[in-house]
Each structure stands twice: as C-alpha cells, then as structure tokens.
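Quick notes on the structure that follows.
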Amino acid sequence: MSIQLPILPYSLDALEPQISREALEVHYKKHHQNYVDTLNELIRGTSLEDKSLEEIMFLSFERKQKIHNNACQVWNHTFFWNCLIPSGHEPSKNLTEVIEENFGTVEDLKNEFATAAKALFGSGWVWLVKDKWGKLKVRSLGNAGNPLVDLGEIPLLTCDVWEHAYYLDYKNERAKFLENFWEIVNWEFVEDNLKKENRRMAPQIFQPKSRASVPNEYRM
Ligand code: MN
C-alpha cells in the first residue's frame with residue numbers, strides 16, 4: 001500500500017480569482033504530489049510502509065524527521081484543500097457564536113490569523129484549532145508543523161503560508177493572500193471539524209511530544 005495523492009475537491013480553476021489555476025496546479029500537482037512521492041520512497045521497505053498516513057505522522061515523530069515532515073506535508077495539504085471552496089460564504093450562526101465566544105468577533109479571529117501569519121518567519125502554516133479544553137486558538141507552526149502531532153490539538157482550519165502557496169499570484173504579499181483567503185474558506189468544513197472529537201483523524205491526539213506516550217499498538 002502506498003500513500004495516494006487525494007482527489008482535489010474542485011476543479012483547478014475553481015478558486016479563481018483568489019487562487020489562480022496556474023498557482024493551484026503547481027501547488028497541487030507539483031508540491032503536494034512531490035511530498036506524496038518522497039514519502040512513498042522513504043517508507044518503501046520499512047515497517048511504515050503499510051501504515052496509514054496518520055500512523056506514519058505519529059510513529060515518525062521526533063525520530064524520523066524526513067519521513068515525518070513529508071507525511072505531515074501530505075496531510076496538511078489535503079486538509080488545506082478541504083478548507084477551501086469556490087466562492088465561500090459566511091460562517092453559520094452557530095459557528096459565528098462559537099467564534100465570538102472565543103475571539104470577540106469573526107473579524108478579531110481574522111486579525112489574529114493575519115498577525116500570526118505575519119509573525120511566522122519563513123515557511124509554515126497558520127491554524128485555527130480546538131485545544132484540549134475545547135477552546136479555539138490560533139496557532140502558527142513552522143515548516144511541516146501539524147497541531148495533531150505537535151500540540152495534541154484538533155485542527156479546524158488552516159492556511160498554507162509557505163511562499164509556494166502564494167508567490168505566483170501575490171508575489172511577496174503574504175498579507176494580501178491571507179486577506180483573500182477568507183473569501184474562499186469552507187466554513188461548513190470548519191464547523192464539521194468543530195463537532196469531531198476526532199479520533200478518526202489520528203490514532204491518538206491528546207498525547208503530544210513524547211515518544212513514551214505513543215500507545216503500544218503504534219510503537220515501532
Ligand atoms: Mn503548500
């Protein structure tokens with residue numbers, strides 16, 4: 001069994017004008033595909049070969065950095081595509097209330113997201129997560145960072161702020177990309193993630209950082 005590039009949930013030009021067909025094509029068919037191919041090469045013939053993507057992310061954590069980074073990049077991109085939708089709309093009344101409880105207003109959430117994206121030096125991802133106490137938080141994680149494995153938190157929404165995600169359309173203007181990102185956010189996906197206690201997304205998600213915390217059945 002090998003890890004597959006997931007099907008994009010819309011056509012390549014569906015996110016225009018916020019993300020051009022050209023940019024999405026390179027991002028999905030070259031970058032995402034490359035993480036999939038590299039991961040498959042790295043796990044071939046190893047004990048990770050038959051594991052699920054989530055198991056690989058956890059099992060390689062702090063042990064096999066190259067495998068871990070590629071596995072997380074495969075997962076993060078798949079999650080990112082699902083966070084987007086052609087001509088997005090506003091969050092539902094219910095989700096708006098949850099956001100207001102946690103951030104004040106939806107605008108405050110967007111501002112916090114923008115600040116986190118701006119502060120992230122180099123490549124990485126900005127996330128909206130549900131933490132261990134059920135509170136919503138904005139997190140920025142460098143490179144292949146992933147809240148499930150790095151923090152034990154449930155990802156609700158992400159924006160890829162690697163330069164390859166926006167350079168073709170926005171050149172160096174990360175902030176402009178972030179601004180337009182909100183117009184294509186799939187808030188229904190965010191709300192679905194909020195409902196999940198979410199053990200389906202990873203073998204275990206409340207045990208970050210330490211290898212000792214990986215349950216026996218997932219130990220190598
Ligand atoms: Mn990317």
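Within each chain, counting starts at residue 1; across the structure tokens, chains are named A, B, ... in the order shown, with ligands numbered 1 upward in that order.
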
TODO: For stretch 173-189 of chain A, list every protein, DNA or RNA residue within 9 Å, evaluated using only C-alpha atoms, and leave out those in the same chain fewer than 4 positions away; present the list as an MDAnalysis selection string.
DONE: chainID A and resid 15 18:19 82:92 95 110 113:115 117:118 156:157 159 161 163 165:167 169 193:194

TODO: Step by step, measure atom-to-atom distances between ligand 1 and each residue using only C-alpha atoms and all ligand atoms, keep those at most 7 Å, then write them as a PyMOL selection string.
DONE: chain A and resi 27+31-32+77+160+162+164-165

Open item on the list: I'd like the neighbourhood of A:Glu101 as a list of chain:residue names, where a residue qualifies if any of its atoms comes within 10 Å (using only C-alpha atoms), though same-chain residues fewer than 5 positions away should be ignored.
Closed with: A:Leu95, A:Thr96, A:Val106, A:Lys135, A:Leu136

Store the residues picked out above, limited to C-alpha atoms, as a compact mmCIF listing (two decimals), in the first residue's frame.
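Everything below was put into result-v4.txt:
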```txt
# COMPACT_ATOMS: atom_id res chain seq x y z
CA LEU A 95 -20.24 28.80 14.26
CA THR A 96 -20.27 32.59 14.46
CA VAL A 106 -15.15 36.95 13.38
CA LYS A 135 -11.14 26.48 23.47
CA LEU A 136 -10.48 27.81 19.99
```

Open item on the list: as a ChimeraX atom specification, please: every residue in stretch 104-195 of chain A that a backbone DSSP assignment puts in helix (DSSP H, G or I).
Closed with: /A:106-119,147-150,163-170,174-184,187-195

TODO: Could you please determine the separation between atom CA of A:Gly124 and atom CA of A:Leu141 in Å, to one decimal place?
DONE: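 We find that atom CA of A:Gly124 and atom CA of A:Leu141 lie 5.7 Å from each other.
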
- [ ] Considering only C-alpha atoms, state which residue in the set A:Ala23, A:Ile67, A:Trp81, A:Leu120 is at the smallest distance from A:Tyr10.
- [x]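 Among the listed residues, A:Trp81 lies closest to A:Tyr10.
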